[in-house]
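File shown: final.cif (mmCIF, C-alpha atoms).
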data_input
loop_
_atom_site.group_PDB
_atom_site.id
_atom_site.type_symbol
_atom_site.label_atom_id
_atom_site.label_comp_id
_atom_site.auth_asym_id
_atom_site.auth_seq_id
_atom_site.Cartn_x
_atom_site.Cartn_y
_atom_site.Cartn_z
ATOM 1 C CA MET A 90 217.571 -47.385 -64.654
ATOM 2 C CA GLU A 91 216.635 -51.034 -65.300
ATOM 3 C CA ARG A 92 215.328 -53.025 -62.327
ATOM 4 C CA ASN A 93 214.426 -56.691 -62.071
ATOM 5 C CA MET A 94 211.342 -56.549 -59.860
ATOM 6 C CA ALA A 95 208.404 -58.869 -59.387
ATOM 7 C CA ARG A 96 205.089 -58.123 -61.042
ATOM 8 C CA VAL A 97 201.797 -58.116 -59.159
ATOM 9 C CA ARG A 98 201.169 -61.765 -58.265
ATOM 10 C CA TYR A 99 197.364 -61.530 -58.143
ATOM 11 C CA GLN A 100 196.926 -60.440 -61.786
ATOM 12 C CA SER A 101 193.125 -60.142 -61.580
ATOM 13 C CA ARG A 102 193.562 -57.314 -59.064
ATOM 14 C CA GLU A 103 196.293 -55.451 -60.907
ATOM 15 C CA VAL A 104 195.449 -51.874 -61.884
ATOM 16 C CA THR A 105 197.214 -50.632 -65.024
ATOM 17 C CA ASP A 106 195.044 -47.593 -65.799
ATOM 18 C CA MET A 107 197.449 -44.709 -65.053
ATOM 19 C CA ASP A 108 194.583 -42.182 -64.925
ATOM 20 C CA LYS A 109 192.992 -44.209 -62.116
ATOM 21 C CA ILE A 110 196.323 -44.617 -60.319
ATOM 22 C CA GLU A 111 197.102 -40.898 -60.576
ATOM 23 C CA ALA A 112 193.615 -39.907 -59.372
ATOM 24 C CA PHE A 113 194.120 -42.206 -56.373
ATOM 25 C CA LEU A 114 197.558 -40.693 -55.627
ATOM 26 C CA ARG A 115 196.109 -37.172 -55.830
ATOM 27 C CA ARG A 116 193.247 -38.040 -53.442
ATOM 28 C CA VAL A 117 194.752 -40.217 -50.686
ATOM 29 C CA ARG A 118 196.265 -38.207 -47.843
ATOM 30 C CA ILE A 119 198.854 -40.470 -46.152
ATOM 31 C CA GLY A 120 201.590 -42.656 -47.635
ATOM 32 C CA HIS A 121 204.445 -44.676 -46.178
ATOM 33 C CA LEU A 122 208.040 -44.066 -47.224
ATOM 34 C CA GLY A 123 210.141 -47.239 -47.055
ATOM 35 C CA MET A 124 213.924 -46.975 -46.876
ATOM 36 C CA ALA A 125 216.899 -49.254 -46.226
ATOM 37 C CA ASP A 126 218.844 -48.186 -43.143
ATOM 38 C CA GLY A 127 221.835 -50.446 -43.641
ATOM 39 C CA PRO A 128 220.495 -53.965 -43.066
ATOM 40 C CA TYR A 129 217.271 -52.700 -41.465
ATOM 41 C CA PRO A 130 214.022 -51.473 -42.984
ATOM 42 C CA TYR A 131 212.766 -48.037 -41.929
ATOM 43 C CA VAL A 132 209.261 -46.817 -42.806
ATOM 44 C CA VAL A 133 207.644 -43.476 -41.977
ATOM 45 C CA PRO A 134 204.121 -42.172 -42.688
ATOM 46 C CA LEU A 135 203.982 -38.891 -44.608
ATOM 47 C CA ASN A 136 201.675 -36.333 -46.166
ATOM 48 C CA PHE A 137 202.462 -36.087 -49.875
ATOM 49 C CA VAL A 138 201.338 -34.728 -53.216
ATOM 50 C CA TRP A 139 201.405 -36.313 -56.663
ATOM 51 C CA MET A 140 202.089 -33.844 -59.445
ATOM 52 C CA GLU A 141 203.347 -34.165 -62.987
ATOM 53 C CA GLY A 142 204.281 -37.833 -62.601
ATOM 54 C CA LYS A 143 206.305 -37.296 -59.436
ATOM 55 C CA LEU A 144 205.638 -37.727 -55.746
ATOM 56 C CA TYR A 145 206.607 -34.922 -53.365
ATOM 57 C CA PHE A 146 206.819 -34.677 -49.594
ATOM 58 C CA HIS A 147 208.421 -32.386 -47.060
ATOM 59 C CA GLY A 148 209.321 -32.324 -43.399
ATOM 60 C CA ALA A 149 212.077 -31.511 -40.952
ATOM 61 C CA SER A 150 215.515 -31.235 -42.520
ATOM 62 C CA GLY A 151 217.192 -33.212 -39.749
ATOM 63 C CA GLY A 152 216.457 -36.595 -38.291
ATOM 64 C CA ARG A 153 216.781 -40.242 -39.137
ATOM 65 C CA ARG A 154 214.661 -40.156 -42.327
ATOM 66 C CA ASN A 155 216.952 -37.644 -44.009
ATOM 67 C CA GLU A 156 220.098 -39.405 -42.786
ATOM 68 C CA VAL A 157 218.855 -42.719 -44.194
ATOM 69 C CA MET A 158 217.890 -41.143 -47.562
ATOM 70 C CA ALA A 159 221.269 -39.382 -47.784
ATOM 71 C CA ALA A 160 223.057 -42.724 -47.335
ATOM 72 C CA ASN A 161 220.725 -44.571 -49.745
ATOM 73 C CA PRO A 162 218.219 -42.531 -51.782
ATOM 74 C CA GLU A 163 216.535 -45.652 -53.251
ATOM 75 C CA VAL A 164 213.048 -45.708 -51.721
ATOM 76 C CA CYS A 165 209.675 -47.352 -51.916
ATOM 77 C CA PHE A 166 206.481 -45.375 -51.290
ATOM 78 C CA THR A 167 203.213 -47.168 -50.483
ATOM 79 C CA VAL A 168 199.736 -45.669 -50.463
ATOM 80 C CA CYS A 169 196.658 -47.690 -49.591
ATOM 81 C CA GLU A 170 193.050 -47.250 -48.676
ATOM 82 C CA GLU A 171 190.750 -49.851 -47.139
ATOM 83 C CA TYR A 172 187.034 -49.714 -48.008
ATOM 84 C CA GLY A 173 185.646 -52.448 -45.748
ATOM 85 C CA THR A 174 185.251 -56.194 -45.429
ATOM 86 C CA ILE A 175 183.619 -58.310 -48.122
ATOM 87 C CA THR A 176 181.648 -61.152 -46.539
ATOM 88 C CA ASP A 177 181.009 -64.628 -47.918
ATOM 89 C CA PRO A 178 179.091 -67.639 -46.569
ATOM 90 C CA VAL A 179 182.444 -69.483 -46.606
ATOM 91 C CA PRO A 180 184.663 -67.864 -43.907
ATOM 92 C CA ALA A 181 187.865 -68.519 -45.882
ATOM 93 C CA LYS A 182 186.489 -66.384 -48.729
ATOM 94 C CA THR A 183 185.962 -63.279 -46.559
ATOM 95 C CA ASP A 184 188.108 -60.530 -48.074
ATOM 96 C CA THR A 185 188.966 -56.822 -47.918
ATOM 97 C CA ALA A 186 187.964 -54.127 -50.409
ATOM 98 C CA TYR A 187 190.951 -51.827 -51.048
ATOM 99 C CA MET A 188 193.232 -50.066 -53.473
ATOM 100 C CA SER A 189 196.990 -49.779 -53.068
ATOM 101 C CA VAL A 190 199.848 -48.273 -55.043
ATOM 102 C CA ILE A 191 203.547 -48.969 -54.559
ATOM 103 C CA LEU A 192 206.182 -46.936 -56.332
ATOM 104 C CA PHE A 193 209.933 -47.328 -56.444
ATOM 105 C CA GLY A 194 212.305 -44.458 -57.118
ATOM 106 C CA ARG A 195 215.104 -42.288 -55.852
ATOM 107 C CA ALA A 196 214.430 -39.524 -53.298
ATOM 108 C CA GLN A 197 215.953 -36.219 -54.471
ATOM 109 C CA PRO A 198 215.961 -32.896 -52.620
ATOM 110 C CA VAL A 199 213.886 -30.150 -54.274
ATOM 111 C CA GLU A 200 216.239 -27.254 -54.894
ATOM 112 C CA GLU A 201 214.571 -24.936 -57.434
ATOM 113 C CA LEU A 202 212.347 -22.142 -56.130
ATOM 114 C CA ASP A 203 209.629 -22.584 -58.795
ATOM 115 C CA GLU A 204 209.332 -26.314 -58.074
ATOM 116 C CA ALA A 205 209.242 -25.655 -54.310
ATOM 117 C CA THR A 206 206.544 -22.998 -54.800
ATOM 118 C CA GLN A 207 204.428 -25.374 -56.885
ATOM 119 C CA LEU A 208 204.909 -28.198 -54.349
ATOM 120 C CA LEU A 209 203.879 -26.050 -51.395
ATOM 121 C CA GLN A 210 200.870 -24.683 -53.307
ATOM 122 C CA GLU A 211 199.745 -28.231 -54.135
ATOM 123 C CA MET A 212 200.147 -29.256 -50.476
ATOM 124 C CA ILE A 213 197.905 -26.353 -49.457
ATOM 125 C CA HIS A 214 195.293 -27.273 -52.104
ATOM 126 C CA LYS A 215 195.284 -30.917 -51.021
ATOM 127 C CA TYR A 216 195.304 -30.573 -47.229
ATOM 128 C CA VAL A 217 193.466 -27.269 -46.635
ATOM 129 C CA PRO A 218 191.421 -26.662 -49.810
ATOM 130 C CA GLY A 219 189.841 -23.231 -49.926
ATOM 131 C CA TYR A 220 191.391 -22.147 -46.627
ATOM 132 C CA TYR A 221 193.750 -19.568 -48.154
ATOM 133 C CA ASN A 222 192.185 -16.992 -50.450
ATOM 134 C CA ARG A 223 195.191 -16.428 -52.735
ATOM 135 C CA PRO A 224 198.032 -18.467 -54.199
ATOM 136 C CA LEU A 225 201.498 -18.518 -52.670
ATOM 137 C CA SER A 226 203.802 -15.932 -54.163
ATOM 138 C CA ARG A 227 207.378 -16.658 -55.165
ATOM 139 C CA GLN A 228 208.426 -13.917 -52.730
ATOM 140 C CA HIS A 229 206.691 -15.696 -49.853
ATOM 141 C CA VAL A 230 208.332 -19.005 -50.746
ATOM 142 C CA ASP A 231 211.658 -17.247 -51.302
ATOM 143 C CA LYS A 232 211.480 -15.915 -47.716
ATOM 144 C CA TYR A 233 210.651 -19.474 -46.650
ATOM 145 C CA ARG A 234 213.380 -20.777 -48.975
ATOM 146 C CA SER A 235 216.053 -20.945 -46.298
ATOM 147 C CA SER A 236 213.721 -23.316 -44.483
ATOM 148 C CA VAL A 237 212.887 -25.334 -47.606
ATOM 149 C CA PHE A 238 216.519 -25.548 -48.706
ATOM 150 C CA GLY A 239 218.409 -26.807 -45.696
ATOM 151 C CA GLY A 240 216.766 -24.971 -42.820
ATOM 152 C CA PRO A 241 214.193 -26.509 -40.492
ATOM 153 C CA VAL A 242 212.119 -27.905 -43.414
ATOM 154 C CA ARG A 243 213.277 -29.933 -46.423
ATOM 155 C CA ALA A 244 211.300 -30.935 -49.548
ATOM 156 C CA PHE A 245 211.884 -34.069 -51.636
ATOM 157 C CA ARG A 246 210.787 -35.493 -54.957
ATOM 158 C CA ILE A 247 210.536 -39.117 -56.059
ATOM 159 C CA GLU A 248 210.416 -39.756 -59.791
ATOM 160 C CA PRO A 249 209.255 -43.357 -59.955
ATOM 161 C CA TYR A 250 210.905 -45.917 -62.195
ATOM 162 C CA GLN A 251 208.260 -48.502 -61.327
ATOM 163 C CA ILE A 252 204.658 -48.275 -60.137
ATOM 164 C CA THR A 253 202.419 -51.193 -59.266
ATOM 165 C CA ALA A 254 198.792 -50.977 -58.161
ATOM 166 C CA LYS A 255 196.157 -53.406 -56.942
ATOM 167 C CA GLU A 256 192.476 -53.131 -56.214
ATOM 168 C CA ASN A 257 189.736 -55.324 -54.816
ATOM 169 C CA GLY A 258 186.590 -53.365 -55.447
ATOM 170 C CA VAL A 259 183.645 -52.862 -53.140
ATOM 171 C CA GLU A 260 180.829 -55.408 -53.594
ATOM 172 C CA GLU A 261 177.903 -53.416 -52.162
ATOM 173 C CA ASP A 262 175.676 -56.426 -51.489
ATOM 174 C CA LYS A 263 178.462 -58.277 -49.645
ATOM 175 C CA MET A 264 179.990 -55.515 -47.505
ATOM 176 C CA TYR A 265 180.063 -56.283 -43.782
ATOM 177 C CA GLN A 266 177.745 -54.129 -41.696
ATOM 178 C CA PRO A 267 178.373 -54.487 -37.929
ATOM 179 C CA SER A 268 174.649 -54.141 -37.141
ATOM 180 C CA ALA A 269 173.778 -56.954 -39.609
ATOM 181 C CA THR A 270 175.179 -59.819 -37.473
#
Could you express the structure from this file as structure tokens?
Amino acid sequence: MERNMARVRYQSREVTDMDKIEAFLRRVRIGHLGMADGPYPYVVPLNFVWMEGKLYFHGASGGRRNEVMAANPEVCFTVCEEYGTITDPVPAKTDTAYMSVILFGRAQPVEELDEATQLLQEMIHKYVPGYYNRPLSRQHVDKYRSSVFGGPVRAFRIEPYQITAKENGVEEDKMYQPSAT
């Protein structure tokens, strides 16, 4: 699917190292799903996992988010992390240390049991590492399947067709410290 989209304007901050981008997506805990609800934007924060080049999330099967995605599955997902303020003797040069990733793709329901099992296992590893002492079984997920596949919980996958990333790294000697004023 060919798209005519803008590149990162601030080229010196562009991140193109996919290993770095993927490590960031595996580590950060909250992202924002952007959708078009007719003429209006609609954005919701979500827990998510990045696995095998795809982004996954789950939640209630009803509600506005799912209605909007059903009408228009084209989405944007943004993940960012702020590391602090970079000071400068010139106030206009004060800046923020951060990394952000934006991906564009189509939200698709997860329908296969093996993919759902892997997704739920990855969610457990990311959000409660070491809490459960054994992996999820297919039987457990299969019992949960009615929830995952149309019941109270629904899982989705986004396979991105474009990813952009930016970073303004931490400058240790210039980071703002509230007690240093």
Counting all atoms listed in the file, which residues have an atom no more than 6 Å from (185.4, -53.6, -48.7) in the file's coordinates? Please list them as a list of chain:residue names.
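Protein, DNA and RNA residues close to (185.4, -53.6, -48.7): A:Tyr172, A:Gly173, A:Thr174, A:Ile175, A:Thr185, A:Ala186, A:Val259, A:Met264.
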task = Please write as a list in words the full residue list that the PyMOL selection byres ((chain A and resi 111) around 10) yields on this file.
result =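 In the shown coordinates, the PyMOL selection byres ((chain A and resi 111) around 10) covers Asp106, Met107, Asp108, Lys109, Ile110, Ala112, Phe113, Leu114, Arg115, Arg116, Trp139, Met140, Glu141, Gly142, Lys143 and Val190 of chain A.
Distances to A:Val132 were evaluated for A:Gln207, A:Gln228, A:Thr167, A:Asn161 using all atoms listed in the file, and the minimum falls at A:Thr167.
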At a cut-off of 7 Å, using only C-alpha atoms, what residues contact A:Cys165? Leave out same-chain residues fewer than 3 positions from it and give the result as an mmCIF file with C-alpha atoms, in the frame of the given file.
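Written file, out.cif:
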data_model
loop_
_atom_site.group_PDB
_atom_site.id
_atom_site.type_symbol
_atom_site.label_atom_id
_atom_site.label_comp_id
_atom_site.auth_asym_id
_atom_site.auth_seq_id
_atom_site.Cartn_x
_atom_site.Cartn_y
_atom_site.Cartn_z
ATOM 1 C CA LEU A 122 208.040 -44.066 -47.224
ATOM 2 C CA GLY A 123 210.141 -47.239 -47.055
ATOM 3 C CA MET A 124 213.924 -46.975 -46.876
ATOM 4 C CA ILE A 191 203.547 -48.969 -54.559
ATOM 5 C CA LEU A 192 206.182 -46.936 -56.332
ATOM 6 C CA PHE A 193 209.933 -47.328 -56.444
ATOM 7 C CA GLY A 194 212.305 -44.458 -57.118
#
inquiry  = Using all atoms listed in the file for the distances, tell me which of A:Tyr220, A:Phe146, A:Tyr129, A:Phe245 is nearest to A:Ala159.
reply    =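 Ranking A:Tyr220, A:Phe146, A:Tyr129, A:Phe245 by distance to A:Ala159, first place goes to A:Phe245.
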Need the axis-aligned box for stretch 242-258 of chain A with 3 Å each side, so what are the centre and edges in Å to one decimal, as AutoDock Vina command-line options?
--center_x 199.9 --center_y -41.6 --center_z -52.8 --size_x 32.7 --size_y 33.4 --size_z 24.8
I'd like to see the residues matched by the PyMOL selection byres ((chain A and resi 214) around 12) on this file, and ideally I'd get them as a PDB file with C-alpha atoms, keeping the file's coordinate frame.
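So the final result, stored in result.pdb, reads:
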ATOM      1  CA  ARG A 115     196.109 -37.172 -55.830  1.00  0.00           C
ATOM      2  CA  ARG A 116     193.247 -38.040 -53.442  1.00  0.00           C
ATOM      3  CA  ARG A 118     196.265 -38.207 -47.843  1.00  0.00           C
ATOM      4  CA  PHE A 137     202.462 -36.087 -49.875  1.00  0.00           C
ATOM      5  CA  VAL A 138     201.338 -34.728 -53.216  1.00  0.00           C
ATOM      6  CA  TRP A 139     201.405 -36.313 -56.663  1.00  0.00           C
ATOM      7  CA  MET A 140     202.089 -33.844 -59.445  1.00  0.00           C
ATOM      8  CA  GLN A 207     204.428 -25.374 -56.885  1.00  0.00           C
ATOM      9  CA  LEU A 208     204.909 -28.198 -54.349  1.00  0.00           C
ATOM     10  CA  LEU A 209     203.879 -26.050 -51.395  1.00  0.00           C
ATOM     11  CA  GLN A 210     200.870 -24.683 -53.307  1.00  0.00           C
ATOM     12  CA  GLU A 211     199.745 -28.231 -54.135  1.00  0.00           C
ATOM     13  CA  MET A 212     200.147 -29.256 -50.476  1.00  0.00           C
ATOM     14  CA  ILE A 213     197.905 -26.353 -49.457  1.00  0.00           C
ATOM     15  CA  LYS A 215     195.284 -30.917 -51.021  1.00  0.00           C
ATOM     16  CA  TYR A 216     195.304 -30.573 -47.229  1.00  0.00           C
ATOM     17  CA  VAL A 217     193.466 -27.269 -46.635  1.00  0.00           C
ATOM     18  CA  PRO A 218     191.421 -26.662 -49.810  1.00  0.00           C
ATOM     19  CA  GLY A 219     189.841 -23.231 -49.926  1.00  0.00           C
ATOM     20  CA  TYR A 220     191.391 -22.147 -46.627  1.00  0.00           C
ATOM     21  CA  TYR A 221     193.750 -19.568 -48.154  1.00  0.00           C
ATOM     22  CA  ASN A 222     192.185 -16.992 -50.450  1.00  0.00           C
ATOM     23  CA  ARG A 223     195.191 -16.428 -52.735  1.00  0.00           C
ATOM     24  CA  PRO A 224     198.032 -18.467 -54.199  1.00  0.00           C
ATOM     25  CA  LEU A 225     201.498 -18.518 -52.670  1.00  0.00           C
TER      26      LEU A 225
END
Could you work out how far atom CA of A:Ala196 lies from atom CA of A:Glu163, giving the answer in Å with one decimal?
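The value is 6.5 Å.
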A:Leu202, A:Val168, A:Val242, A:Ile119: which is nearest A:Lys255, counting only C-alpha atoms?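 Of all the options, A:Val168 lies closest to A:Lys255.
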As a check of understanding: the span from atom CA of A:Pro178 to atom CA of A:Lys263 is 9.9 Å
Pairwise distance, atom CA of A:Cys169 with atom CA of A:Pro130, equals 19.0 Å
Could you tell me which residues the PyMOL selection byres ((chain A and resi 257) around 7) returns for this structure, as a PDB file with C-alpha atoms, keeping the file's coordinate frame?
ATOM      1  CA  ARG A 102     193.562 -57.314 -59.064  1.00  0.00           C
ATOM      2  CA  ALA A 186     187.964 -54.127 -50.409  1.00  0.00           C
ATOM      3  CA  TYR A 187     190.951 -51.827 -51.048  1.00  0.00           C
ATOM      4  CA  MET A 188     193.232 -50.066 -53.473  1.00  0.00           C
ATOM      5  CA  GLU A 256     192.476 -53.131 -56.214  1.00  0.00           C
ATOM      6  CA  GLY A 258     186.590 -53.365 -55.447  1.00  0.00           C
ATOM      7  CA  VAL A 259     183.645 -52.862 -53.140  1.00  0.00           C
TER       8      VAL A 259
END
